[in-house]
Number of protein chains: 8
Amino acid sequence: MYGWRAKVGVILPSLNVTMEPELYRMAPEGVTFHFTRTFLAKGTKEGLESMQQDVEPCTKMLMTAEVDLILFGCTSGSLVGGLGFDTKIINQIEDISKIKAITTSTAVVEVLKAFNFGKITIGTPYIDEVNQLEKKFLEDSGFGVIDIVGLDYTTGAQLHKEDAETVYNFVRRLKLDGADCIFLSCTDFHSLDAIRYLERDIGLPVVTSNTASMWSVLNHLKIGADMGQYGKIFSKQ
Amino acid sequence: MYGWRAKVGVILPSLNVTMEPELYRMAPEGVTFHFTRTFLAKGTKEGLESMQQDVEPCTKMLMTAEVDLILFGCTSGSLVGGLGFDTKIINQIEDISKIKAITTSTAVVEVLKAFNFGKITIGTPYIDEVNQLEKKFLEDSGFGVIDIVGLDYTTGAQLHKEDAETVYNFVRRLKLDGADCIFLSCTDFHSLDAIRYLERDIGLPVVTSNTASMWSVLNHLKIGADMGQYGKIFSKQ
Amino acid sequence: MYGWRAKVGVILPSLNVTMEPELYRMAPEGVTFHFTRTFLAKGTKEGLESMQQDVEPCTKMLMTAEVDLILFGCTSGSLVGGLGFDTKIINQIEDISKIKAITTSTAVVEVLKAFNFGKITIGTPYIDEVNQLEKKFLEDSGFGVIDIVGLDYTTGAQLHKEDAETVYNFVRRLKLDGADCIFLSCTDFHSLDAIRYLERDIGLPVVTSNTASMWSVLNHLKIGADMGQYGKIFSKQ
Amino acid sequence: MYGWRAKVGVILPSLNVTMEPELYRMAPEGVTFHFTRTFLAKGTKEGLESMQQDVEPCTKMLMTAEVDLILFGCTSGSLVGGLGFDTKIINQIEDISKIKAITTSTAVVEVLKAFNFGKITIGTPYIDEVNQLEKKFLEDSGFGVIDIVGLDYTTGAQLHKEDAETVYNFVRRLKLDGADCIFLSCTDFHSLDAIRYLERDIGLPVVTSNTASMWSVLNHLKIGADMGQYGKIFSKQ
Amino acid sequence: MYGWRAKVGVILPSLNVTMEPELYRMAPEGVTFHFTRTFLAKGTKEGLESMQQDVEPCTKMLMTAEVDLILFGCTSGSLVGGLGFDTKIINQIEDISKIKAITTSTAVVEVLKAFNFGKITIGTPYIDEVNQLEKKFLEDSGFGVIDIVGLDYTTGAQLHKEDAETVYNFVRRLKLDGADCIFLSCTDFHSLDAIRYLERDIGLPVVTSNTASMWSVLNHLKIGADMGQYGKIFSKQ
Amino acid sequence: MYGWRAKVGVILPSLNVTMEPELYRMAPEGVTFHFTRTFLAKGTKEGLESMQQDVEPCTKMLMTAEVDLILFGCTSGSLVGGLGFDTKIINQIEDISKIKAITTSTAVVEVLKAFNFGKITIGTPYIDEVNQLEKKFLEDSGFGVIDIVGLDYTTGAQLHKEDAETVYNFVRRLKLDGADCIFLSCTDFHSLDAIRYLERDIGLPVVTSNTASMWSVLNHLKIGADMGQYGKIFSKQ
Amino acid sequence: MYGWRAKVGVILPSLNVTMEPELYRMAPEGVTFHFTRTFLAKGTKEGLESMQQDVEPCTKMLMTAEVDLILFGCTSGSLVGGLGFDTKIINQIEDISKIKAITTSTAVVEVLKAFNFGKITIGTPYIDEVNQLEKKFLEDSGFGVIDIVGLDYTTGAQLHKEDAETVYNFVRRLKLDGADCIFLSCTDFHSLDAIRYLERDIGLPVVTSNTASMWSVLNHLKIGADMGQYGKIFSKQ
Amino acid sequence: MYGWRAKVGVILPSLNVTMEPELYRMAPEGVTFHFTRTFLAKGTKEGLESMQQDVEPCTKMLMTAEVDLILFGCTSGSLVGGLGFDTKIINQIEDISKIKAITTSTAVVEVLKAFNFGKITIGTPYIDEVNQLEKKFLEDSGFGVIDIVGLDYTTGAQLHKEDAETVYNFVRRLKLDGADCIFLSCTDFHSLDAIRYLERDIGLPVVTSNTASMWSVLNHLKIGADMGQYGKIFSKQ
């Protein structure tokens with residue numbers, strides 16, 4: 001049996017091609033991830049909102065796989081409706097399935113609180129409209145946003161063409177003074193390989209949407225793992 | 001970018017929890033897999049047939065991820081309608097998406113032909129009704145079936161609780177005289193770890209639904225890889 | 001000479017097929033184990049009591065091998081007669097052989113005392129009748145038993161078919177609040193590979209019949225070893 | 001489950017402290033060995049003959065462990081009665097247990113025949129009386145004995161104090177001209193570590209009682225393994 | 001002393017930031033590279049021609065370093081003047097320094113001839129004007145050019161931003177039928193990491209300006225090295 | 001892209017054949033070095049002074065490579081004009097290029113100050129005339145010079161023929177009482193491999209011209225790296 | 001050059017075959033040992049005294065090798081004349097050669113003092129006559145001898161046939177209560193491999209004649225090394 | 001016991017500091033070397049001849065160490081008297097000790113004959129007088145000498161200061177046309193590390209005095225070893 005410690009169901013936007021390989025790279029022994037998709041053709045406010053329609057059928061799919069937890073794996077898609085929007089998605093999944101659920105936005109908030117990261121600088125691949133939604137969501141959740149800069153991408157082709165080298169240089173140009181940590185938003189943003197260089201050179205912890213999701217998943221399932229190579233939040237765990 | 005050599009879309013039955021970890025274990029550098037599910041609650045003829053309904057929406061999901069090939073990742077689900085059934089699924093996917101498609105059944109037939117395995121012994125987790133459909137499909141495709149034995153499972157819980165040790169002993173009890181190879185059917189059957197022990201102790205090549213799928217995917221995409229640990233079909237490639 | 005640091009004689013129940021590979025996996029360099037069997041066809045109270053008859057011939061066998069210590073390697077078989085039953089077996093072996101002897105039950109008590117584990121939760125493969133004997137033996141020895149749950153097995157085939165994955169999930173369902181450690185009873189219970197995952201995920205030390213036996217053997221022979229991978233009791237040694 | 005490829009029962013002389021660690025060093029993955037003892041206090045003709053009395057109870061012990069094959073693990077003890085003596089022991093075990101049985105002497109003959117080693121030089125730890133029995137047994141089995149030399153030992157203490165270095169030098173003094181291979185007799189003779197140096201320096205294959213036993217066990221169970229480090233008979237397999 | 005097997009002087013275009021790290025990654029033990037620059041601000045025909053002016057001072061610089069060979073490390077810059085242009089540069093360097101000289105263009109021709117690669121497909125980062133010069137130079141040197149495609153770059157920033165992933169996909173789109181090998185031109189083109197994936201997936205040998213330069217340098221200095229990871233031309237050496 | 005964390009331009013004396021391999025051995029991932037030369041035929045005061053003439057053209061070369069920092073990589077050449085001479089070179093480079101610049105002498109002073117090494121013993125390959133210039137420069141910069149000894153070399157052939165073994169023994173003969181550290185001057189002096197033996201055997205930190213240059217480069221660019229094998233200054237960083 | 005950190009001359013008894021391999025196993029990088037022999041046919045008081053005659057020619061031999069230090073490598077041979085005898089040998093060597101000299105006895109005393117080992121238990125291969133000389137020498141040097149036991153050997157054949165296993169068991173039978181350390185005397189006694197097992201199982205530091213010699217050699221030459229595997233005296237260094 | 005496969009006595013010139021570390025680097029497991037010295041202060045004809053006086057006492061020393069073979073470890077010292085001189089030394093040693101003896105010159109001749117190296121080029125550290133003696137000895141032994149060049153050294157300090165890098169470059173300048181192999185003479189010449197680079201770059205087998213000595217020692221003792229890293233003569237063995 002593969003997922004003998006835990007099986008995790010993931011609902012992810014259909015255009016995302018980064019979250020699956022990143023979750024499998026980080027997966028502790030005996031933990032497996034099982035995916036199904038909600039339709040998303042473009043990363044606009046409108047597109048993100050429409051993803052809600054697929055939550056019910058996706059949940060029913062994952063119930064047959066008898067997963068131990070369901071992750072709604074999209075950052076902007078779980079905050080596009082403002083504060084409380086993530087809880088609505090969680091309730092919907094839990095009501096249908098009776099299985100514990102989280103969203104990536106919820107995971108990010110959990111991590112920031114667990115480590116007392118009150119002030120954050122944010123790098124995203126988003127357009128400004130989405131950045132403003134994210135800024136408001138995090139401020140309403142009680143965090144100070146020092147800086148938020150996006151790459152102005154909407155299509156999948158734009159989103160996932162990036163690599164660690166571009167992300168590294170993009171982040172080094174952000175405003176960092178006064179920040180407690182750097183948050184790199186978007187589960188379709190290839191930022192995992194930039195973390196250790198950024199943490200070493202800048203000296204601040206770096207959290208990404210995928211590492212926050214993984215941290216929260218393991219925390220809820222009470223599973224321990226040595227994952228310090230994916231950022232300081234895992235060595236403090 | 002993760003899938004820089006190729007991105008492979010996979011449509012898999014909703015209860016399957018084995019194919020995702022096995023494809024990611026075998027994945028060559030620069031090749032990624034992206035999943036979406038068709039509803040399947042039980043591995044009966046009826047259930048398998050009903051999976052057809054989700055092929056269209058699944059295909060549209062994977063189109064947004066701009067994958068290079070779509071694999072319908074279910075053995076019995078792609079042969080339940082008899083000879084030609086797999087081609088029908090392939091045509092449907094290709095018509096909608098203009099992306100090359102294969103099914104696991106097609107992949108199995110391709111592998112058996114490529115290596116001239118004319119006579120095969122088959123181990124499955126299936127109930128007899130499904131075994132008979134598979135036997136007929138392969139005989140109609142021109143192969144001799146020496147023996148076919150199933151574990152009589154239908155639910156996900158039964159299917160994926162197995163491990164290499166059980167599979168090893170199950171296979172050693174099959175009728176093998178005259179067989180050119182052993183085929184272990186079902187993409188939700190944890191047989192990958194048993195391959196090298198079976199090949200060493202029995203002396204016959206062992207093909208599973210997941211290794212056949214991987215072989216065919218790489219063959220169509222013209223991607224080479226050193227994967228001899230997953231069976232003789234990869235060292236002959 | 002193989003056992004140049006020490007040669008350890010082991011009397012084990014005839015149906016046991018787990019203790020030999022586990023002791024050889026854990027054996028420090030220069031320490032060897034030498035086995036002989038007492039007849040046991042079923043793990044019932046009656047069967048366990050009857051094992052006593054073979055202690056004398058077994059001891060005489062091991063005397064010719066000039067071992068440095070004799071371990072009576074059965075948990076339930078060394079406590080089936082209640083408090084003091086293990087001492088009776090030890091005295092019998094020592095009287096015949098003039099060689100230091102211990103039993104697995106004695107070893108468990110020694111470990112629990114050495115680490116001040118006053119309250120314990122117990123997982124076993126036993127039937128309830130045997131669980132109750134074990135609970136009483138440990139309570140009479142001064143320990144509090146938070147929970148004891150068995151898998152209700154009696155035959156060898158049932159006992160040794162388990163693996164780390166099943167044991168892990170079985171243990172995660174036990175009542176753990178207030179426990180100082182988890183004790184997994186039975187030298188024929190394949191629990192060694194579950195220890196490090198359980199300790200990491202639950203946070204409590206995990207002791208098994210075989211690790212307790214090994215700890216006590218090394219302690220009496222004054223032999224040190226780096227065996228932290230087999231549980232916290234070895235890293236504290 | 002430990003012995004998932006095969007469980008092997010072994011009946012060994014009570015004074016033997018070499019066969020257990022050597023079988024566990026060589027054991028392929030998924031193959032376990034389970035031991036019980038026949039009484040032997042001294043390696044004399046008389047002592048060896050008396051071991052027969054324990055074959056029946058030993059067999060019954062191993063039946064409860066549900067082993068796949070039983071090995072009577074003593075060279076001189078399985079040939080002390082001359083040609084056919086080993087077959088008598090095998091028949092006795094098989095009649096009681098309905099489990100396939102072999103003896104070390106049978107294994108040696110099987111190996112010598114399989115590799116066409118018609119003429120052999122033999123090194124033993126035995127007294128001359130036992131050497132003569134072995135010489136006659138092998139000659140009656142159709143082999144030419146170029147030379148046979150013993151170390152004149154009878155007690156356990158003498159037998160197992162040796163190490164690879166002494167064995168190496170002892171063997172280099174034997175008469176080797178015309179021999180097809182060197183056979184080092186006795187399952188309690190620590191000769192395993194000398195094999196590769198002897199094979200490299202002398203250029204002849206070296207077979208020991210324990211490597212012959214292992215070869216025959218794996219051959220009967222149809223289990224393959226990479227064990228070339230234990231002698232040329234394993235690289236030719 | 002670092003360059004005890006050989007010290008190699010390299011004259012490279014001032015904007016090039018790829019050749020130095022690639023030569024140092026490939027450098028065999030005891031071989032060092034020493035660099036000096038000719039002015040080049042843009043990869044146009046005009047710019048390339050102007051590099052000639054710095055050959056004399058560059059050569060005099062490298063003479064003081066007592067190098068064993070001087071490489072003019074620019075492909076287009078050593079063929080911009082047509083057939084024989086590379087020889088003119090070589091003569092100039094050798095006349096001044098009395099040290100053996102080669103150019104990258106010369107090296108490419110040497111490699112293609114040594115391996116009998118008569119027909120080649122070429123990928124470059126160049127603008128079409130430069131591609132046509134390269135095509136003519138190679139055709140005049142006796143080779144057939146199946147296809148030549150450029151990325152239309154002139155500035156340094158464009159040239160060296162590429163990575164193995166982009167190069168891999170760029171090359172897979174070239175016309176390859178009938179080609180004996182693929183040649184990736186430009187010493188400032190980060191193509192080294194794409195070689196083994198391209199050779200494995202396409203099945204043709206891949207030569208780059210930097211691997212050709214290295215091959216020729218080692219060949220002239222009669223230095224052997226195991227460098228198969230950098231392409232088939234090194235495993236055939 | 002190779003130099004994705006940073007690209008460093010280096011202006012080095014034309015006869016130097018040590019700095020290039022030493023910088024590439026130490027280079028952290030994603031940091032590349034790009035070289036161009038100033039003419040120097042002999043390590044005399046006169047020769048060193050004349051190197052100034054090439055600073056302007058060298059700077060213009062490196063500007064086209066779009067480097068992030070320019071290092072004037074010569075110790076004596078950046079102090080030959082006395083206190084302030086290094087600043088003059090820095091200003092000249094920065095005025096032309098608008099790129100941050102340092103010299104090796106500046107780097108040495110930065111390191112000595114950062115670690116509070118007030119009193120130093122110096123080993124050089126120089127002639128006495130150059131040693132006296134260096135002594136004065138460092139004293140004028142506020143350091144006490146316990147001892148300074150040179151090997152009396154001027155030509156490139158003399159300078160770079162040395163290896164770690166000679167350097168080790170040369171240093172062990174210096175006056176060390178009262179020194180806070182040992183400084184091995186000259187970027188063409190093969191001293192890198194002697195550092196860890198000298199630090200271990202003598203107990204004082206050892207700084208070389210090349211390690212000081214690297215330390216300062218990384219410090220200005222805010223790049224972290226694990227380089228403890230190259231001396232204590234890197235483990236304290 | 002091999003001995004670039006230091007070359008050590010060793011005068012050893014002609015029958016000794018242990019010191020050369022043990023010094024070369026322990027030798028730090030860049031430290032070499034060079035041997036010459038004094039005649040000794042038997043380890044008796046008489047034999048040991050006669051070794052003095054060869055000190056002068058041996059010293060002259062080693063002078064031509066330009067060693068940095070001369071070690072008289074025999075324990076009993078450097079104390080057979082009582083307190084001050086070792087100093088006499090040292091003076092003789094130093095007077096002839098002007099090279100720093102030590103003896104093994106001197107080294108033992110240096111180590112015991114450096115680590116404040118006031119009370120020691122001694123194991124030797126010697127006859128009682130030699131043991132009494134050693135006991136008196138160490139008591140006169142200010143140490144308390146808890147126990148001294150010898151194996152009663154005089155010939156080379158007896159001395160060097162031992163191995164770590166025998167030494168381990170011999171030492172475990174010594175009287176250890178109240179001892180600060182265990183000293184295993186004789187440079188021809190194969191005790192090096194027993195050190196780490198004895199230190200781990202008994203808990204006391206173990207010093208041998210060869211580790212004491214090495215410790216003193218490195219200490220006088222001021223050479224550091226990581227040699228913790230050869231005993232606690234090296235990890236405290 | 002260290003030298004359990006064989007103990008080799010070595011008589012070496014007193015100034016030699018290379019042969020001991022080189023023999024210990026190459027020594028196969030279980031083979032030890034034991035040294036004693038003959039007086040040699042300078043590598044002149046006179047000095048070499050005088051070494052004969054110490055052969056008798058050296059032999060008697062090594063007899064007490066019970067070595068299995070005695071090597072007179074000096075090339076020029078065993079041929080200084082012309083053809084047959086080496087045999088005289090061998091006879092002298094064998095007559096005294098009854099132990100098999102060889103000299104380095106004999107070993108060189110044995111190797112050249114075994115591999116049919118009829119024509120050789122020779123590099124030495126010797127003065128011309130000694131080179132001429134060597135040339136004549138080898139010609140009289142039936143070999144053609146293509147070239148012989150010396151470094152003109154006589155003192156120990158000159159001889160052993162060399163390293164692989166110098167030796168490599170010295171050899172590349174020798175006349176090699178028509179040679180079957182390169183022979184690097186002198187057991188005090190640090191040439192071992194140059195062998196594999198020379199063999200790779202030049203393509204001819206390289207034999208040194210120390211590898212020839214080792215080859216002959218192992219050949220006479222019938223000991224096999226994997227030593228291909230020390231030259232082609234060991235991979236052909």
# chains A, B, ... in the order shown; residues from 1 in each chain; ligands from 1
$ interface_residues --of "chain D" --to "chain B" --cutoff "12 Å" --atoms "only C-alpha atoms" --output "list in words"
Met1, Tyr2, Gly3, Trp4, Arg5, Ala6, Pro28, Glu29, Gly30, Val31, Leu218, Asn219, His220, Leu221, Lys222, Ile223, Gly224, Ala225, Asp226 and Gln237 of chain D
$ write_last_selection --atoms "all heavy atoms" --output "short mmCIF file (atom, residue, chain, number, x, y, z; two decimals), in the first residue's frame"
data_model
loop_
_atom_site.label_atom_id
_atom_site.label_comp_id
_atom_site.auth_asym_id
_atom_site.auth_seq_id
_atom_site.Cartn_x
_atom_site.Cartn_y
_atom_site.Cartn_z
N MET D 1 5.83 -9.04 6.77
CA MET D 1 6.24 -10.44 6.82
C MET D 1 7.70 -10.54 6.39
O MET D 1 8.09 -10.01 5.36
CB MET D 1 5.36 -11.28 5.88
CG MET D 1 5.61 -12.76 6.01
SD MET D 1 4.37 -13.75 5.10
CE MET D 1 4.29 -12.93 3.51
N TYR D 2 8.50 -11.22 7.20
CA TYR D 2 9.92 -11.29 6.86
C TYR D 2 10.21 -12.27 5.71
O TYR D 2 10.77 -11.89 4.70
CB TYR D 2 10.75 -11.66 8.09
CG TYR D 2 11.01 -10.46 8.96
CD1 TYR D 2 10.29 -10.23 10.11
CD2 TYR D 2 11.97 -9.54 8.60
CE1 TYR D 2 10.51 -9.11 10.89
CE2 TYR D 2 12.21 -8.41 9.38
CZ TYR D 2 11.48 -8.20 10.52
OH TYR D 2 11.71 -7.09 11.27
N GLY D 3 9.84 -13.55 5.88
CA GLY D 3 10.26 -14.54 4.88
C GLY D 3 9.28 -14.65 3.73
O GLY D 3 8.81 -15.73 3.43
N TRP D 4 9.05 -13.51 3.05
CA TRP D 4 7.99 -13.52 2.05
C TRP D 4 8.38 -14.23 0.76
O TRP D 4 7.51 -14.69 0.03
CB TRP D 4 7.50 -12.11 1.77
CG TRP D 4 8.54 -11.13 1.33
CD1 TRP D 4 9.32 -10.36 2.14
CD2 TRP D 4 8.94 -10.83 0.00
NE1 TRP D 4 10.17 -9.59 1.40
CE2 TRP D 4 9.95 -9.84 0.07
CE3 TRP D 4 8.53 -11.27 -1.27
CZ2 TRP D 4 10.57 -9.32 -1.05
CZ3 TRP D 4 9.15 -10.74 -2.40
CH2 TRP D 4 10.15 -9.78 -2.29
N ARG D 5 9.68 -14.35 0.48
CA ARG D 5 10.06 -15.20 -0.67
C ARG D 5 10.14 -16.66 -0.22
O ARG D 5 9.68 -17.55 -0.94
CB ARG D 5 11.40 -14.76 -1.25
CG ARG D 5 11.27 -13.73 -2.35
CD ARG D 5 12.58 -13.02 -2.56
NE ARG D 5 13.23 -13.30 -3.80
CZ ARG D 5 14.47 -12.89 -4.09
NH1 ARG D 5 15.16 -12.21 -3.18
NH2 ARG D 5 15.02 -13.15 -5.25
N ALA D 6 10.69 -16.89 0.95
CA ALA D 6 10.73 -18.26 1.48
C ALA D 6 11.20 -18.26 2.92
O ALA D 6 12.02 -17.43 3.32
CB ALA D 6 11.65 -19.13 0.64
N PRO D 28 19.35 -13.82 0.96
CA PRO D 28 18.77 -12.84 0.03
C PRO D 28 17.56 -12.16 0.68
O PRO D 28 16.95 -12.71 1.60
CB PRO D 28 18.30 -13.68 -1.15
CG PRO D 28 18.95 -15.01 -1.01
CD PRO D 28 19.22 -15.19 0.46
N GLU D 29 17.21 -10.99 0.17
CA GLU D 29 16.04 -10.27 0.67
C GLU D 29 14.80 -11.14 0.62
O GLU D 29 14.54 -11.81 -0.38
CB GLU D 29 15.84 -9.04 -0.21
CG GLU D 29 15.08 -7.94 0.50
CD GLU D 29 14.96 -6.68 -0.35
OE1 GLU D 29 15.88 -6.44 -1.15
OE2 GLU D 29 13.94 -5.98 -0.19
N GLY D 30 14.06 -11.16 1.69
CA GLY D 30 12.81 -11.92 1.70
C GLY D 30 12.97 -13.40 1.98
O GLY D 30 12.01 -14.15 1.89
N VAL D 31 14.18 -13.84 2.34
CA VAL D 31 14.41 -15.24 2.71
C VAL D 31 14.89 -15.28 4.16
O VAL D 31 15.85 -14.59 4.50
CB VAL D 31 15.46 -15.91 1.79
CG1 VAL D 31 15.68 -17.36 2.19
CG2 VAL D 31 15.04 -15.80 0.33
N LEU D 218 18.56 -22.35 -2.29
CA LEU D 218 18.02 -21.39 -3.27
C LEU D 218 17.64 -22.11 -4.57
O LEU D 218 16.65 -21.76 -5.21
CB LEU D 218 19.05 -20.30 -3.56
CG LEU D 218 19.42 -19.41 -2.38
CD1 LEU D 218 20.43 -18.35 -2.81
CD2 LEU D 218 18.19 -18.76 -1.76
N ASN D 219 18.41 -23.11 -4.94
CA ASN D 219 18.14 -23.85 -6.16
C ASN D 219 16.81 -24.61 -6.06
O ASN D 219 16.00 -24.58 -6.98
CB ASN D 219 19.29 -24.82 -6.40
CG ASN D 219 19.31 -25.32 -7.82
OD1 ASN D 219 19.12 -24.55 -8.75
ND2 ASN D 219 19.54 -26.61 -8.00
N HIS D 220 16.58 -25.25 -4.94
CA HIS D 220 15.32 -25.98 -4.77
C HIS D 220 14.13 -25.03 -4.69
O HIS D 220 13.04 -25.35 -5.16
CB HIS D 220 15.38 -26.87 -3.52
CG HIS D 220 16.17 -28.11 -3.74
ND1 HIS D 220 15.74 -29.16 -4.52
CD2 HIS D 220 17.41 -28.46 -3.31
CE1 HIS D 220 16.66 -30.11 -4.56
NE2 HIS D 220 17.70 -29.71 -3.83
N LEU D 221 14.35 -23.86 -4.08
CA LEU D 221 13.25 -22.90 -3.92
C LEU D 221 13.11 -22.00 -5.14
O LEU D 221 12.20 -21.16 -5.19
CB LEU D 221 13.47 -22.04 -2.67
CG LEU D 221 13.40 -22.76 -1.34
CD1 LEU D 221 13.92 -21.85 -0.22
CD2 LEU D 221 11.96 -23.18 -1.04
N LYS D 222 13.99 -22.15 -6.13
CA LYS D 222 14.00 -21.31 -7.34
C LYS D 222 14.02 -19.81 -6.97
O LYS D 222 13.11 -19.05 -7.31
CB LYS D 222 12.78 -21.59 -8.22
CG LYS D 222 12.69 -23.02 -8.69
CD LYS D 222 11.95 -23.19 -9.98
CE LYS D 222 11.92 -24.66 -10.40
NZ LYS D 222 13.32 -25.26 -10.41
N ILE D 223 15.05 -19.45 -6.22
CA ILE D 223 15.25 -18.06 -5.81
C ILE D 223 16.61 -17.62 -6.31
O ILE D 223 17.62 -18.30 -6.07
CB ILE D 223 15.13 -17.90 -4.27
CG1 ILE D 223 13.67 -18.04 -3.87
CG2 ILE D 223 15.72 -16.57 -3.80
CD1 ILE D 223 13.43 -18.09 -2.40
N GLY D 224 16.66 -16.52 -7.02
CA GLY D 224 17.91 -16.01 -7.57
C GLY D 224 18.49 -14.94 -6.67
O GLY D 224 17.77 -14.27 -5.94
N ALA D 225 19.82 -14.77 -6.70
CA ALA D 225 20.45 -13.75 -5.85
C ALA D 225 21.84 -13.44 -6.37
O ALA D 225 22.49 -14.29 -6.97
CB ALA D 225 20.53 -14.24 -4.41
N ASP D 226 22.28 -12.21 -6.16
CA ASP D 226 23.64 -11.80 -6.52
C ASP D 226 24.54 -12.05 -5.33
O ASP D 226 24.54 -11.28 -4.38
CB ASP D 226 23.67 -10.30 -6.87
CG ASP D 226 22.91 -10.01 -8.14
OD1 ASP D 226 22.83 -10.90 -9.00
OD2 ASP D 226 22.38 -8.89 -8.26
N GLN D 237 25.77 -19.23 -11.19
CA GLN D 237 24.35 -19.61 -11.06
C GLN D 237 23.48 -18.86 -12.04
O GLN D 237 23.60 -17.66 -12.19
CB GLN D 237 23.87 -19.33 -9.63
CG GLN D 237 22.57 -20.04 -9.31
CD GLN D 237 22.16 -19.81 -7.86
OE1 GLN D 237 22.59 -18.85 -7.24
NE2 GLN D 237 21.34 -20.69 -7.31
#
$ atom_distance --atom1 "atom CA of Leu192 of chain C" --atom2 "atom CA of Leu12 of chain C"
17.6 Å
$ closest_atom_pairs --of "segment 1-28 of chain G" --to "segment 44-67 of chain G" --cutoff "6 Å" --atoms "only C-alpha atoms" --output "JSON lines"
{"residue": "G:Lys7", "atom": "CA", "partner": "G:Val67", "partner_atom": "CA", "distance": 4.8}
{"residue": "G:Val8", "atom": "CA", "partner": "G:Val67", "partner_atom": "CA", "distance": 5.4}
{"residue": "G:Gly9", "atom": "CA", "partner": "G:Val67", "partner_atom": "CA", "distance": 5.7}
$ write_last_selection --atoms "C-alpha atoms" --output "mmCIF file, in the first residue's frame"
data_model
loop_
_atom_site.group_PDB
_atom_site.id
_atom_site.type_symbol
_atom_site.label_atom_id
_atom_site.label_comp_id
_atom_site.auth_asym_id
_atom_site.auth_seq_id
_atom_site.Cartn_x
_atom_site.Cartn_y
_atom_site.Cartn_z
ATOM 1 C CA LYS G 7 59.116 12.413 7.940
ATOM 2 C CA VAL G 8 59.448 10.206 11.024
ATOM 3 C CA GLY G 9 62.301 7.747 11.468
#
$ select_by_dssp --residues "segment 104-231 of chain E" --states "alpha helix (DSSP H)" --output "VMD selection string"
chain E and resid 104 to 114 128 to 140 156 to 159 164 to 172 195 to 202 209 to 221
$ residues_around --residues "Cys186 of chain G" --least-positions-apart "2" --cutoff "12 Å" --atoms "only C-alpha atoms" --output "PyMOL selection string"
chain G and resi 12-13+16-19+43+73-79+104-105+108+122-127+130-131+134+150-151+153-154+156+159-160+183-184+188-192+207-213
$ atom_distance --atom1 "atom CA of Thr106 of chain D" --atom2 "atom CA of Thr87 of chain D"
7.9 Å
$ select_by_dssp --residues "segment 32-155 of chain C" --states "strand (DSSP E or B)" --output "PyMOL selection string"
chain C and resi 32-38+69-72+101-103+119-124+144-150
